[in-house]
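Okay, so here's the structure we're looking at.
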Amino acid sequence: MPWFAWLLAAAALGAAEFFTLTLVFGLLAGAALAAAVVAGVGIGLLGQLVALGLTAAVGLALVRPVALRQMAGTPLTREGSDALIGKRAEVVREVTATHGLIKVSGEEWTARALDESQVIPVGALVDVMEIEGATAVVYPRELLP
């Protein structure tokens, strides 16, 4: 098979990968490129098919699982309100189970206590445990008297 036929196959597989994003067609496109190189060197059809098969097998067996694991992982950086989780804040207006106000990262946020029985006084330091809509759920950094 001529090398340009393998290049056409690689382009078609690459286009299929663009629309499916499964990594399978992309790895097969790479295998077709390897077959094109083998064909360009002048090796016969059997050598081209062996190059295609070996490259595809290695890609599907070794590369794809690693790539899928990396894509499934959680992002290293948080953005938006998720970035506030775990931050230290200062209570601006007393925080109870239903209302309150804190200052975190230079912004004021409505807040409520994680433990519904707690009342956190003004000036206390709290940790942001989660964000529910526009309300920060907080817990005091130190035990209250």
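Labels for the structure tokens follow display order: chains A, B, ..., residues from 1 in each chain, ligands from 1.
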
Within 12 Å of region 62-75 of chain A using only C-alpha atoms, minus same-chain residues under 5 positions, as a list in words: Leu21, Thr22, Leu23, Val24, Phe25, Gly26, Leu27, Leu28, Gly30, Leu54, Thr55, Ala56, Ala57, Asp82 and Ala83 of chain A

Distance query region 85-98 of chain A at most 9 Å, only C-alpha atoms, self and fewer than 2 positions along chain excluded, as an MDAnalysis selection string: chainID A and resid 81:83 100:105 108 110:131 136 138 141

Just the selected residues (N, CA and C atoms), exported as a tab-separated table (two decimals), in the first residue's frame, please.
chain	number	residue	atom	x	y	z
A	81	SER	N	-15.86	30.16	43.32
A	81	SER	CA	-16.18	29.99	44.74
A	81	SER	C	-15.56	28.72	45.32
A	82	ASP	N	-15.27	27.73	44.49
A	82	ASP	CA	-14.61	26.51	44.98
A	82	ASP	C	-13.23	26.82	45.55
A	83	ALA	N	-12.59	27.89	45.09
A	83	ALA	CA	-11.27	28.25	45.58
A	83	ALA	C	-11.32	28.72	47.03
A	100	GLY	N	-25.25	35.17	59.01
A	100	GLY	CA	-23.98	35.72	59.47
A	100	GLY	C	-23.23	36.31	58.29
A	101	LEU	N	-22.08	36.91	58.58
A	101	LEU	CA	-21.28	37.55	57.54
A	101	LEU	C	-19.81	37.35	57.88
A	102	ILE	N	-19.03	36.95	56.88
A	102	ILE	CA	-17.60	36.75	57.06
A	102	ILE	C	-16.84	37.52	56.00
A	103	LYS	N	-15.54	37.72	56.25
A	103	LYS	CA	-14.66	38.33	55.26
A	103	LYS	C	-13.60	37.30	54.91
A	104	VAL	N	-13.59	36.90	53.66
A	104	VAL	CA	-12.64	35.89	53.19
A	104	VAL	C	-12.04	36.38	51.88
A	105	SER	N	-10.73	36.33	51.78
A	105	SER	CA	-10.00	36.77	50.59
A	105	SER	C	-10.40	38.18	50.17
A	108	GLU	N	-16.68	40.07	51.36
A	108	GLU	CA	-17.65	39.69	52.38
A	108	GLU	C	-18.62	38.68	51.79
A	110	THR	N	-22.02	36.01	52.84
A	110	THR	CA	-22.98	35.55	53.84
A	110	THR	C	-22.51	34.19	54.31
A	111	ALA	N	-22.82	33.88	55.55
A	111	ALA	CA	-22.30	32.63	56.11
A	111	ALA	C	-23.30	32.02	57.07
A	112	ARG	N	-23.10	30.73	57.30
A	112	ARG	CA	-23.85	30.02	58.34
A	112	ARG	C	-22.90	29.00	58.94
A	113	ALA	N	-23.20	28.65	60.20
A	113	ALA	CA	-22.33	27.71	60.92
A	113	ALA	C	-22.59	26.29	60.46
A	114	LEU	N	-21.54	25.50	60.35
A	114	LEU	CA	-21.66	24.09	60.00
A	114	LEU	C	-22.40	23.35	61.11
A	115	ASP	N	-22.02	23.62	62.35
A	115	ASP	CA	-22.68	23.03	63.50
A	115	ASP	C	-23.83	23.96	63.89
A	116	GLU	N	-25.06	23.49	63.73
A	116	GLU	CA	-26.24	24.33	63.93
A	116	GLU	C	-26.38	24.84	65.36
A	117	SER	N	-25.70	24.22	66.31
A	117	SER	CA	-25.81	24.66	67.70
A	117	SER	C	-24.82	25.77	68.05
A	118	GLN	N	-23.89	26.06	67.15
A	118	GLN	CA	-22.86	27.05	67.44
A	118	GLN	C	-23.29	28.46	67.06
A	119	VAL	N	-22.85	29.43	67.86
A	119	VAL	CA	-22.95	30.85	67.56
A	119	VAL	C	-21.53	31.37	67.59
A	120	ILE	N	-21.06	31.86	66.44
A	120	ILE	CA	-19.67	32.29	66.32
A	120	ILE	C	-19.63	33.81	66.41
A	121	PRO	N	-18.90	34.36	67.39
A	121	PRO	CA	-18.92	35.80	67.61
A	121	PRO	C	-18.09	36.57	66.58
A	122	VAL	N	-18.34	37.89	66.55
A	122	VAL	CA	-17.59	38.79	65.67
A	122	VAL	C	-16.11	38.73	66.03
A	123	GLY	N	-15.25	38.71	65.02
A	123	GLY	CA	-13.81	38.69	65.22
A	123	GLY	C	-13.20	37.30	65.28
A	124	ALA	N	-14.02	36.26	65.41
A	124	ALA	CA	-13.50	34.90	65.46
A	124	ALA	C	-12.99	34.48	64.09
A	125	LEU	N	-11.97	33.63	64.09
A	125	LEU	CA	-11.46	33.07	62.83
A	125	LEU	C	-12.16	31.76	62.56
A	126	VAL	N	-12.57	31.57	61.30
A	126	VAL	CA	-13.29	30.37	60.90
A	126	VAL	C	-12.65	29.81	59.64
A	127	ASP	N	-12.92	28.55	59.37
A	127	ASP	CA	-12.52	27.90	58.12
A	127	ASP	C	-13.76	27.73	57.26
A	128	VAL	N	-13.62	27.99	55.97
A	128	VAL	CA	-14.72	27.78	55.03
A	128	VAL	C	-14.74	26.29	54.69
A	129	MET	N	-15.81	25.61	55.05
A	129	MET	CA	-15.91	24.17	54.84
A	129	MET	C	-16.53	23.83	53.48
A	130	GLU	N	-17.51	24.63	53.06
A	130	GLU	CA	-18.15	24.43	51.77
A	130	GLU	C	-18.87	25.71	51.37
A	131	ILE	N	-19.28	25.76	50.11
A	131	ILE	CA	-20.03	26.89	49.58
A	131	ILE	C	-21.36	26.35	49.09
A	136	ALA	N	-21.35	30.82	52.56
A	136	ALA	CA	-20.23	30.01	53.01
A	136	ALA	C	-20.63	29.28	54.29
A	138	VAL	N	-19.26	27.62	57.51
A	138	VAL	CA	-18.00	27.80	58.22
A	138	VAL	C	-17.97	27.03	59.52
A	141	ARG	N	-12.09	28.02	63.89
A	141	ARG	CA	-10.73	27.46	63.93
A	141	ARG	C	-10.37	26.98	65.32

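If you look at CA of Leu13 (chain A) and CA of Ile43 (chain A), they are 22.6 Å away from each other.
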
Expected answer as a PyMOL selection string: alpha helix (DSSP H) residues in chain A: chain A and resi 3-20+24-41+45-58+64-72

Take the residues just selected and output them with C-alpha atoms as a CSV table (one decimal), in the first residue's frame.
chain,number,residue,atom,x,y,z
A,3,TRP,CA,2.5,5.7,1.9
A,4,PHE,CA,0.0,8.5,0.9
A,5,ALA,CA,-2.9,6.0,1.4
A,6,TRP,CA,-1.7,5.5,5.0
A,7,LEU,CA,-1.5,9.3,5.4
A,8,LEU,CA,-5.1,9.6,4.2
A,9,ALA,CA,-6.2,6.9,6.6
A,10,ALA,CA,-4.4,8.7,9.4
A,11,ALA,CA,-6.1,12.0,8.5
A,12,ALA,CA,-9.5,10.2,8.5
A,13,LEU,CA,-8.9,8.6,11.8
A,14,GLY,CA,-7.7,11.9,13.2
A,15,ALA,CA,-10.9,13.6,12.1
A,16,ALA,CA,-12.9,10.8,13.7
A,17,GLU,CA,-11.0,11.3,17.0
A,18,PHE,CA,-11.7,15.0,16.8
A,19,PHE,CA,-15.5,14.3,16.9
A,20,THR,CA,-15.4,11.4,19.4
A,24,VAL,CA,-8.9,5.2,20.2
A,25,PHE,CA,-9.1,6.9,16.8
A,26,GLY,CA,-6.2,9.2,17.7
A,27,LEU,CA,-4.0,6.2,18.6
A,28,LEU,CA,-5.0,4.4,15.4
A,29,ALA,CA,-4.1,7.5,13.4
A,30,GLY,CA,-0.7,7.4,15.0
A,31,ALA,CA,-0.4,3.8,14.0
A,32,ALA,CA,-1.4,4.7,10.5
A,33,LEU,CA,1.4,7.3,10.5
A,34,ALA,CA,3.9,4.6,11.6
A,35,ALA,CA,2.7,2.5,8.7
A,36,ALA,CA,3.1,5.4,6.3
A,37,VAL,CA,6.7,5.8,7.5
A,38,VAL,CA,7.4,2.1,6.9
A,39,ALA,CA,5.8,2.3,3.5
A,40,GLY,CA,7.9,5.4,2.7
A,41,VAL,CA,11.1,3.5,3.5
A,45,LEU,CA,2.6,-4.6,2.8
A,46,LEU,CA,3.3,-7.2,5.4
A,47,GLY,CA,5.8,-4.9,7.2
A,48,GLN,CA,3.4,-2.0,7.0
A,49,LEU,CA,0.6,-4.1,8.6
A,50,VAL,CA,3.0,-5.3,11.3
A,51,ALA,CA,4.0,-1.7,12.0
A,52,LEU,CA,0.3,-0.7,12.1
A,53,GLY,CA,-0.6,-3.6,14.4
A,54,LEU,CA,2.3,-3.2,16.8
A,55,THR,CA,1.9,0.6,17.1
A,56,ALA,CA,-1.8,0.3,17.6
A,57,ALA,CA,-1.4,-2.4,20.2
A,58,VAL,CA,1.2,-0.5,22.2
A,64,ARG,CA,-4.6,5.0,26.5
A,65,PRO,CA,-5.0,3.8,30.1
A,66,VAL,CA,-2.4,6.3,31.3
A,67,ALA,CA,-4.1,9.1,29.4
A,68,LEU,CA,-7.6,8.2,30.7
A,69,ARG,CA,-6.3,8.1,34.3
A,70,GLN,CA,-4.8,11.6,33.8
A,71,MET,CA,-8.0,13.0,32.3
A,72,ALA,CA,-10.2,11.5,35.1

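The coordinates place CA of Gly59 (chain A) at 22.6 Å from CA of Gly44 (chain A).
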
Computed interatomic separation between CA of Trp109 (chain A) and CA of Thr135 (chain A) (Å): 6.5 Å
